[in-house]
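Listing of work.pdb, PDB, C-alpha atoms
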ATOM      1  CA  MET R 421       0.000   0.000   0.000
ATOM      2  CA  ARG R 422       2.853   2.367   0.802
ATOM      3  CA  ILE R 423       4.461   1.626  -2.585
ATOM      4  CA  LEU R 424       1.178   2.343  -4.373
ATOM      5  CA  THR R 425       0.819   5.617  -2.490
ATOM      6  CA  LEU R 426       4.385   6.610  -3.430
ATOM      7  CA  VAL R 427       3.802   5.834  -7.108
ATOM      8  CA  LEU R 428       0.612   7.878  -7.154
ATOM      9  CA  PHE R 429       2.421  10.754  -5.432
ATOM     10  CA  LEU R 430       5.247  10.726  -7.978
ATOM     11  CA  TRP R 431       3.028  10.122 -11.011
ATOM     12  CA  PRO R 432       3.023  13.755 -12.266
ATOM     13  CA  VAL R 433       6.810  13.846 -11.899
ATOM     14  CA  ILE R 434       7.682  10.629 -13.714
ATOM     15  CA  LEU R 435       5.335  11.125 -16.663
ATOM     16  CA  PRO R 436       7.338  12.127 -19.784
ATOM     17  CA  ALA R 437       6.681  15.600 -21.108
ATOM     18  CA  GLN R 438       4.212  15.651 -23.987
ATOM     19  CA  ASP R 439       5.407  17.038 -27.309
ATOM     20  CA  ILE R 440       3.646  20.184 -28.508
ATOM     21  CA  GLU R 441       1.523  19.597 -31.585
ATOM     22  CA  VAL R 442       2.194  21.886 -34.552
ATOM     23  CA  ASP R 443       1.189  21.996 -38.196
ATOM     24  CA  VAL R 444       4.762  21.726 -39.492
ATOM     25  CA  GLU R 445       8.183  21.018 -38.032
ATOM     26  CA  LEU R 446      10.451  23.111 -40.277
ATOM     27  CA  PHE R 447      14.234  22.706 -40.300
ATOM     28  CA  LEU R 448      15.901  25.618 -42.135
ATOM     29  CA  ALA R 449      19.318  24.373 -43.302
ATOM     30  CA  VAL R 450      21.286  27.396 -44.525
ATOM     31  CA  ASP R 451      24.559  27.109 -46.456
ATOM     32  CA  VAL R 452      27.467  29.128 -45.029
ATOM     33  CA  SER R 453      30.322  27.461 -46.912
ATOM     34  CA  ARG R 454      33.346  29.513 -47.974
ATOM     35  CA  SER R 455      32.060  29.818 -51.521
ATOM     36  CA  MET R 456      29.810  32.520 -50.088
ATOM     37  CA  ASN R 457      31.420  35.857 -49.254
ATOM     38  CA  ARG R 458      30.648  38.099 -46.285
ATOM     39  CA  ASP R 459      28.142  40.258 -48.181
ATOM     40  CA  GLU R 460      26.266  37.186 -49.436
ATOM     41  CA  LEU R 461      26.068  35.740 -45.937
ATOM     42  CA  GLU R 462      24.585  39.013 -44.709
ATOM     43  CA  LEU R 463      22.079  39.127 -47.586
ATOM     44  CA  GLN R 464      21.073  35.580 -46.754
ATOM     45  CA  ARG R 465      20.486  36.374 -43.064
ATOM     46  CA  GLN R 466      18.507  39.489 -43.890
ATOM     47  CA  GLY R 467      16.456  37.616 -46.477
ATOM     48  CA  TYR R 468      15.382  34.948 -43.996
ATOM     49  CA  SER R 469      14.703  37.559 -41.316
ATOM     50  CA  GLN R 470      12.463  39.615 -43.588
ATOM     51  CA  ALA R 471      10.593  36.588 -44.909
ATOM     52  CA  LEU R 472       9.846  35.164 -41.470
ATOM     53  CA  MET R 473       8.272  38.483 -40.413
ATOM     54  CA  ASP R 474       6.302  38.904 -43.631
ATOM     55  CA  ALA R 475       2.557  39.304 -43.122
ATOM     56  CA  ASP R 476       1.715  36.763 -45.832
ATOM     57  CA  VAL R 477       3.957  34.134 -44.235
ATOM     58  CA  LEU R 478       2.372  34.730 -40.828
ATOM     59  CA  ALA R 479      -1.093  34.561 -42.384
ATOM     60  CA  ALA R 480      -0.230  31.194 -43.952
ATOM     61  CA  ILE R 481       0.892  29.920 -40.548
ATOM     62  CA  LYS R 482      -2.293  31.127 -38.843
ATOM     63  CA  ASP R 483      -4.434  29.507 -41.541
ATOM     64  CA  GLY R 484      -3.121  26.066 -40.590
ATOM     65  CA  PRO R 485      -5.264  23.646 -38.566
ATOM     66  CA  LEU R 486      -3.384  24.524 -35.369
ATOM     67  CA  GLY R 487      -2.151  27.961 -36.381
ATOM     68  CA  ARG R 488       1.436  27.338 -35.321
ATOM     69  CA  ILE R 489       4.623  25.711 -36.573
ATOM     70  CA  ALA R 490       7.957  24.755 -34.997
ATOM     71  CA  VAL R 491      11.126  26.049 -36.618
ATOM     72  CA  THR R 492      14.874  25.871 -36.223
ATOM     73  CA  TYR R 493      17.539  27.726 -38.222
ATOM     74  CA  VAL R 494      20.860  25.921 -38.631
ATOM     75  CA  GLU R 495      23.899  26.986 -40.646
ATOM     76  CA  TRP R 496      25.844  24.205 -42.371
ATOM     77  CA  ALA R 497      28.945  23.650 -44.468
ATOM     78  CA  GLY R 498      31.168  20.542 -44.172
ATOM     79  CA  ASP R 499      30.225  17.050 -43.066
ATOM     80  CA  GLN R 500      30.701  17.848 -39.360
ATOM     81  CA  ALA R 501      30.129  21.603 -39.601
ATOM     82  CA  GLN R 502      26.665  22.604 -38.412
ATOM     83  CA  ARG R 503      25.843  25.604 -36.248
ATOM     84  CA  ILE R 504      22.512  26.209 -34.470
ATOM     85  CA  VAL R 505      21.443  29.835 -34.738
ATOM     86  CA  VAL R 506      17.796  29.428 -33.699
ATOM     87  CA  PRO R 507      16.996  26.331 -31.616
ATOM     88  CA  TRP R 508      13.635  24.623 -32.084
ATOM     89  CA  GLN R 509      10.803  26.915 -31.025
ATOM     90  CA  ILE R 510       7.194  27.877 -31.744
ATOM     91  CA  LEU R 511       6.373  30.318 -34.532
ATOM     92  CA  ALA R 512       2.752  31.437 -34.255
ATOM     93  CA  THR R 513       2.647  35.182 -33.575
ATOM     94  CA  THR R 514       4.205  38.375 -34.840
ATOM     95  CA  GLN R 515       6.274  38.519 -31.661
ATOM     96  CA  ASP R 516       7.553  34.984 -32.239
ATOM     97  CA  ALA R 517       8.575  35.949 -35.767
ATOM     98  CA  GLN R 518      10.289  39.119 -34.601
ATOM     99  CA  ASN R 519      12.284  37.266 -31.945
ATOM    100  CA  ILE R 520      13.460  34.651 -34.447
ATOM    101  CA  ALA R 521      14.230  37.248 -37.118
ATOM    102  CA  GLU R 522      16.279  39.365 -34.714
ATOM    103  CA  THR R 523      18.301  36.332 -33.645
ATOM    104  CA  ILE R 524      19.100  35.473 -37.266
ATOM    105  CA  ALA R 525      19.918  39.060 -38.258
ATOM    106  CA  ALA R 526      22.252  39.500 -35.281
ATOM    107  CA  ARG R 527      24.356  36.496 -36.292
ATOM    108  CA  LYS R 528      27.769  37.503 -37.679
ATOM    109  CA  SER R 529      29.568  34.166 -37.654
ATOM    110  CA  PRO R 530      32.145  33.507 -40.395
ATOM    111  CA  ALA R 531      31.799  30.989 -43.189
ATOM    112  CA  MET R 532      32.880  27.371 -42.683
ATOM    113  CA  ARG R 533      34.732  24.948 -44.948
ATOM    114  CA  ARG R 534      33.339  22.449 -47.481
ATOM    115  CA  THR R 535      29.840  21.691 -48.750
ATOM    116  CA  SER R 536      28.137  18.594 -47.368
ATOM    117  CA  ILE R 537      24.428  18.529 -48.097
ATOM    118  CA  SER R 538      24.438  14.917 -46.924
ATOM    119  CA  GLY R 539      25.919  16.015 -43.603
ATOM    120  CA  ALA R 540      23.211  18.661 -43.251
ATOM    121  CA  LEU R 541      20.477  16.102 -43.952
ATOM    122  CA  ALA R 542      21.911  13.632 -41.427
ATOM    123  CA  TYR R 543      22.134  16.369 -38.796
ATOM    124  CA  ALA R 544      18.596  17.539 -39.544
ATOM    125  CA  MET R 545      17.068  14.077 -39.176
ATOM    126  CA  GLU R 546      18.710  13.641 -35.789
ATOM    127  CA  SER R 547      17.572  17.109 -34.708
ATOM    128  CA  PHE R 548      13.902  16.194 -35.158
ATOM    129  CA  GLU R 549      14.075  13.218 -32.801
ATOM    130  CA  HIS R 550      13.886  15.043 -29.464
ATOM    131  CA  ASN R 551      12.863  18.571 -30.435
ATOM    132  CA  GLY R 552       9.746  18.626 -28.229
ATOM    133  CA  PHE R 553       7.272  18.940 -31.119
ATOM    134  CA  THR R 554       4.992  16.686 -33.127
ATOM    135  CA  GLY R 555       4.074  18.033 -36.543
ATOM    136  CA  LEU R 556       1.567  16.953 -39.137
ATOM    137  CA  ARG R 557       4.495  17.310 -41.547
ATOM    138  CA  ARG R 558       8.270  17.297 -41.133
ATOM    139  CA  VAL R 559      10.116  19.479 -43.640
ATOM    140  CA  ILE R 560      13.851  19.951 -44.223
ATOM    141  CA  ASP R 561      14.486  23.135 -46.178
ATOM    142  CA  VAL R 562      17.971  23.177 -47.771
ATOM    143  CA  SER R 563      19.551  26.256 -49.334
ATOM    144  CA  GLY R 564      22.958  26.013 -50.969
ATOM    145  CA  ASP R 565      25.174  27.344 -53.743
ATOM    146  CA  GLY R 566      26.928  24.163 -54.827
ATOM    147  CA  PRO R 567      26.759  20.378 -55.044
ATOM    148  CA  ASN R 568      27.723  17.967 -52.291
ATOM    149  CA  ASN R 569      31.523  17.589 -52.142
ATOM    150  CA  GLN R 570      32.113  15.950 -48.756
ATOM    151  CA  GLY R 571      30.557  13.162 -46.714
ATOM    152  CA  PRO R 572      28.325  10.341 -47.979
ATOM    153  CA  PRO R 573      26.588  10.652 -51.362
ATOM    154  CA  VAL R 574      23.678  13.049 -50.997
ATOM    155  CA  THR R 575      21.222  10.590 -52.571
ATOM    156  CA  GLN R 576      21.943   8.118 -49.774
ATOM    157  CA  LEU R 577      20.798  10.577 -47.096
ATOM    158  CA  ARG R 578      17.963  11.915 -49.269
ATOM    159  CA  ASP R 579      16.542   8.413 -49.661
ATOM    160  CA  ALA R 580      16.930   7.691 -45.937
ATOM    161  CA  ALA R 581      15.058  10.893 -45.048
ATOM    162  CA  VAL R 582      12.224  10.208 -47.480
ATOM    163  CA  ALA R 583      11.895   6.646 -46.144
ATOM    164  CA  ARG R 584      11.387   8.126 -42.665
ATOM    165  CA  GLY R 585       8.608  10.422 -43.855
ATOM    166  CA  PHE R 586      10.505  13.701 -44.258
ATOM    167  CA  VAL R 587       9.955  16.145 -47.101
ATOM    168  CA  ILE R 588      13.087  17.868 -48.444
ATOM    169  CA  ASN R 589      12.745  21.120 -50.396
ATOM    170  CA  GLY R 590      15.549  23.050 -52.058
ATOM    171  CA  LEU R 591      16.628  26.633 -52.620
ATOM    172  CA  PRO R 592      19.598  26.425 -55.030
ATOM    173  CA  LEU R 593      21.546  29.690 -55.049
ATOM    174  CA  MET R 594      22.599  30.119 -58.677
ATOM    175  CA  THR R 595      24.178  33.559 -58.364
ATOM    176  CA  VAL R 596      27.409  34.019 -60.314
ATOM    177  CA  ASP R 597      30.778  35.210 -59.020
ATOM    178  CA  LEU R 598      34.390  33.989 -59.167
ATOM    179  CA  LEU R 599      33.898  31.368 -56.473
ATOM    180  CA  SER R 600      30.690  30.017 -57.956
ATOM    181  CA  GLU R 601      32.360  29.681 -61.347
ATOM    182  CA  PHE R 602      35.106  27.608 -59.724
ATOM    183  CA  TRP R 603      33.079  25.441 -57.308
ATOM    184  CA  GLY R 604      29.538  25.746 -58.616
ATOM    185  CA  ILE R 605      27.676  24.055 -61.457
ATOM    186  CA  PRO R 606      25.489  25.856 -64.016
ATOM    187  CA  ASP R 607      22.511  23.511 -63.567
ATOM    188  CA  LEU R 608      22.368  23.508 -59.773
ATOM    189  CA  ASP R 609      18.567  23.600 -59.887
ATOM    190  CA  ILE R 610      18.527  20.361 -61.915
ATOM    191  CA  TYR R 611      21.022  18.842 -59.479
ATOM    192  CA  TYR R 612      18.704  19.686 -56.572
ATOM    193  CA  GLU R 613      15.694  18.233 -58.396
ATOM    194  CA  ASN R 614      17.476  14.961 -59.155
ATOM    195  CA  CYS R 615      19.729  14.508 -56.140
ATOM    196  CA  VAL R 616      18.557  16.519 -53.125
ATOM    197  CA  ILE R 617      14.805  17.022 -52.821
ATOM    198  CA  GLY R 618      12.319  14.273 -52.056
ATOM    199  CA  GLY R 619       9.056  13.325 -50.409
ATOM    200  CA  PRO R 620       5.422  14.233 -51.180
ATOM    201  CA  GLY R 621       5.147  17.643 -52.849
ATOM    202  CA  ALA R 622       8.899  18.356 -52.716
ATOM    203  CA  PHE R 623       9.952  21.343 -54.805
ATOM    204  CA  VAL R 624      12.841  23.593 -55.828
ATOM    205  CA  VAL R 625      12.862  27.408 -55.910
ATOM    206  CA  PRO R 626      15.994  28.580 -57.783
ATOM    207  CA  VAL R 627      17.573  31.954 -57.013
ATOM    208  CA  LEU R 628      19.394  33.506 -59.983
ATOM    209  CA  SER R 629      20.355  36.797 -58.329
ATOM    210  CA  TRP R 630      20.516  38.075 -54.772
ATOM    211  CA  ASN R 631      17.809  40.611 -55.596
ATOM    212  CA  GLU R 632      15.426  37.646 -55.936
ATOM    213  CA  PHE R 633      16.392  36.095 -52.629
ATOM    214  CA  PRO R 634      13.874  37.688 -50.200
ATOM    215  CA  ALA R 635      10.931  36.973 -52.526
ATOM    216  CA  ALA R 636      12.126  33.409 -53.113
ATOM    217  CA  ILE R 637      12.387  32.741 -49.371
ATOM    218  CA  LYS R 638       8.911  34.176 -48.798
ATOM    219  CA  ARG R 639       7.410  32.059 -51.572
ATOM    220  CA  LYS R 640       9.123  28.919 -50.313
ATOM    221  CA  LEU R 641       8.001  29.435 -46.708
ATOM    222  CA  ILE R 642       4.387  29.983 -47.736
ATOM    223  CA  LEU R 643       4.419  26.807 -49.826
ATOM    224  CA  GLU R 644       5.976  24.814 -46.993
ATOM    225  CA  VAL R 645       3.675  26.111 -44.292
ATOM    226  CA  SER R 646       0.478  25.779 -46.311
ATOM    227  CA  ALA R 647       1.447  22.578 -48.175
ATOM    228  CA  LEU R 648       0.205  24.090 -51.432
ATOM    229  CA  PRO R 649       1.391  22.534 -54.703
ATOM    230  CA  PRO R 650       4.292  24.696 -55.961
ATOM    231  CA  HIS R 651       3.344  24.481 -59.644
ATOM    232  CA  VAL R 652       1.934  22.158 -62.258
ATOM    233  CA  ARG R 653       4.464  20.305 -64.381
ATOM    234  CA  GLN R 654       3.761  19.379 -67.976
ATOM    235  CA  ALA R 655       3.640  15.599 -68.443
ATOM    236  CA  GLN R 656       6.892  14.150 -69.745
ATOM    237  CA  PHE R 657       6.574  11.523 -72.445
ATOM    238  CA  ALA R 658      10.299  10.813 -72.674
ATOM    239  CA  VAL R 659      12.299   9.154 -69.930
ATOM    240  CA  PRO R 660      14.584  11.849 -68.439
ATOM    241  CA  SER R 661      18.313  11.403 -68.895
ATOM    242  CA  PRO R 662      20.192  10.097 -65.854
ATOM    243  CA  TYR R 663      21.910  12.762 -63.768
ATOM    244  CA  ASP R 664      25.340  12.390 -62.173
ATOM    245  CA  CYS R 665      24.684  13.093 -58.500
ATOM    246  CA  LEU R 666      28.399  12.715 -57.716
ATOM    247  CA  VAL R 667      29.348  15.762 -59.781
ATOM    248  CA  GLY R 668      30.477  17.667 -56.674
ATOM    249  CA  GLU R 669      32.679  14.824 -55.445
ATOM    250  CA  LYS R 670      34.286  14.589 -58.892
ATOM    251  CA  MET R 671      34.957  18.329 -58.909
ATOM    252  CA  ARG R 672      36.640  17.932 -55.517
ATOM    253  CA  GLU R 673      38.971  15.264 -56.896
ATOM    254  CA  ALA R 674      39.765  17.334 -59.974
ATOM    255  CA  ASN R 675      40.595  20.358 -57.794
ATOM    256  CA  ARG R 676      42.096  18.521 -54.827
ATOM    257  CA  THR R 677      45.064  20.931 -54.590
ATOM    258  CA  TYR R 678      42.708  23.838 -53.960
ATOM    259  CA  PHE R 679      40.235  21.782 -51.955
ATOM    260  CA  GLU R 680      42.887  20.890 -49.355
ATOM    261  CA  ILE R 681      43.881  24.506 -48.718
ATOM    262  CA  PRO R 682      42.898  25.326 -45.072
TER     263      PRO R 682
END

Structure rendered as structure tokens:
Amino acid sequence: MRILTLVLFLWPVILPAQDIEVDVELFLAVDVSRSMNRDELELQRQGYSQALMDADVLAAIKDGPLGRIAVTYVEWAGDQAQRIVVPWQILATTQDAQNIAETIAARKSPAMRRTSISGALAYAMESFEHNGFTGLRRVIDVSGDGPNNQGPPVTQLRDAAVARGFVINGLPLMTVDLLSEFWGIPDLDIYYENCVIGGPGAFVVPVLSWNEFPAAIKRKLILEVSALPPHVRQAQFAVPSPYDCLVGEKMREANRTYFEIP
């Protein structure tokens, strides 16, 4: 009887905390590899900050069944190079958006080495496991300016994420400068379509110039939050040509002398 009384007394303490239900768990994976200069990193931070506070984005969040999402903002580069800027938290109100946006805008961390989309995907999947939220959808949102050149093949992690029920969307940054001409590929959007994105309704929003970036982020967030179809594709009658998803790894080997520079 004493044991039963003790268990009943401790019951509220030993019960595990319940996850908070949200419409979407959104992992923002933001490329900060060295192929992006200081000005581009700042434009990227400001673009995300502005988009998260946009009235249309907030309206899309409020229109969801629960009217709230969970979000985290993580910078990534190499296979073991990930940096949490905004830990998992609720985004439901204007104040929530302002707090998150200010945290992102205040970040002035330098770029990191390498480009490992596969590393970012592996880190993202692990991050969802104990984030304190349960979403109707789990979305990994990857922005980047080049193909995977370190870590496991990106298709391996893409397929693993899709098998676990994640949706992966892409924001390929196809802006042109000296570094992008050296480390980038001209069809990065096609690379993302074939090698990176996956899951029901997955889509790509290419960015061709930094002037387009804020609008592209806004559009992508609205699509992700509302789960609207991004566009209608014309039916393809021909089988698409195979795409080499190891193009980044092959570029690394061809430019190993430069790749190994600290």

Subject >> Answer key for the PyMOL selection byres ((chain R and resi 480) around 10), residues as a list in words >> reply: Ala475, Asp476, Val477, Leu478, Ala479, Ile481, Lys482, Asp483, Gly484, Gly487, Arg488, Leu641, Ile642, Leu643, Glu644, Val645, Ser646 and Ala647 of chain R

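Each of R:Phe447, R:Tyr468, R:Tyr543, R:Phe553 was compared to Thr492 of chain R using all atoms listed in the file, and R:Phe447 turns out to be the nearest.
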
Subject >> Straight-line distance linking atom CA of Gly555 of chain R with atom CA of Glu445 of chain R, stated in Å to one decimal >> reply: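 Atom-to-atom, atom CA of Gly555 of chain R and atom CA of Glu445 of chain R are spaced 5.3 Å apart.
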
Return as lines of an AutoDock Vina configuration file the centre and edge lengths, in Å with one decimal, of the box along x, y and z that encloses every atom of segment 563-580 of chain R in the file, padded by 3 Å per side.
center_x = 24.3
center_y = 17.5
center_z = -50.5
size_x = 21.6
size_y = 25.7
size_z = 15.1

Subject >> Two-atom distance - atom CA of Gln500 of chain R, atom CA of Asp459 of chain R (Å) >> reply: 24.2 Å

**OP:** Figure out the distance between atom CA of Tyr611 of chain R and atom CA of Val596 of chain R, please, to one decimal in Å.
**Re:**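 The value is 16.5 Å.
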
**OP:** Go through the shown structure with the PyMOL selection byres ((chain R and resi 443) around 6) and write out the matching residues as a VMD selection string.
**Re:** chain R and resid 442 444 486 489 555 to 556

Can you write out as CSV which residues of segment 512-582 of chain R fall within 10 Å of segment 617-634 of chain R, alongside each residue's closest atom pair and its distance in Å to one decimal, counting only C-alpha atoms and ordering rows by chain and ascending residue number?
residue,atom,partner,partner_atom,distance
R:Val559,CA,R:Gly619,CA,9.2
R:Ile560,CA,R:Ile617,CA,9.1
R:Asp561,CA,R:Ile617,CA,9.0
R:Val562,CA,R:Ile617,CA,8.6
R:Ser563,CA,R:Val625,CA,9.5
R:Asp565,CA,R:Val627,CA,9.5
R:Val574,CA,R:Ile617,CA,9.9
R:Thr575,CA,R:Ile617,CA,9.1
R:Arg578,CA,R:Gly618,CA,6.7
R:Asp579,CA,R:Gly618,CA,7.6
R:Ala581,CA,R:Gly618,CA,8.2
R:Val582,CA,R:Gly619,CA,5.3

**OP:** Quick one: everything within 10 Å of Pro567 of chain R, counting all atoms listed in the file, minus sequence neighbours fewer than 2 positions away in the same chain. Send it as number ranges by chain.
**Re:** R: 535-537, 564-565, 569-570, 574, 592, 603-605, 608, 611-612, 615-616, 665-669, 671

Subject >> Nearest to Met473 of chain R by atom-to-atom distance, counting all atoms listed in the file, from R:Glu522, R:Glu613, R:Glu549, R:Asp664 >> reply: R:Glu522

Original post:
What does the PyMOL selection byres ((chain R and resi 496) around 8) select in this file, as a list in words?
Top reply: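 So the PyMOL selection byres ((chain R and resi 496) around 8), applied here, picks out Ala449, Val450, Asp451, Val452, Ser453, Val494, Glu495, Ala497, Gly498, Ala501, Gln502, Arg503, Met532, Thr535, Ser536 and Ala540 of chain R.
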
Original post:
What's the 12 Å shell around Gln509 of chain R, counting all atoms listed in the file, without same-chain residues fewer than 2 positions away, as a ChimeraX atom specification?
Top reply: /R:439-442,444-447,488-493,505-507,511-513,516-517,519-520,548,551-554

**OP:** Tell me which of R:Gln466, R:Thr523, R:Asn614, R:Ser455 sits closest to Met594 of chain R, counting all atoms listed in the file.
**Re:**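 Ranking R:Gln466, R:Thr523, R:Asn614, R:Ser455 by distance to Met594 of chain R, first place goes to R:Ser455.
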
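The nearest approach to Glu546 of chain R among the residues R:Gln470, R:Leu591, R:Arg584, R:Gln464, with all atoms listed in the file taken into account, belongs to R:Arg584.
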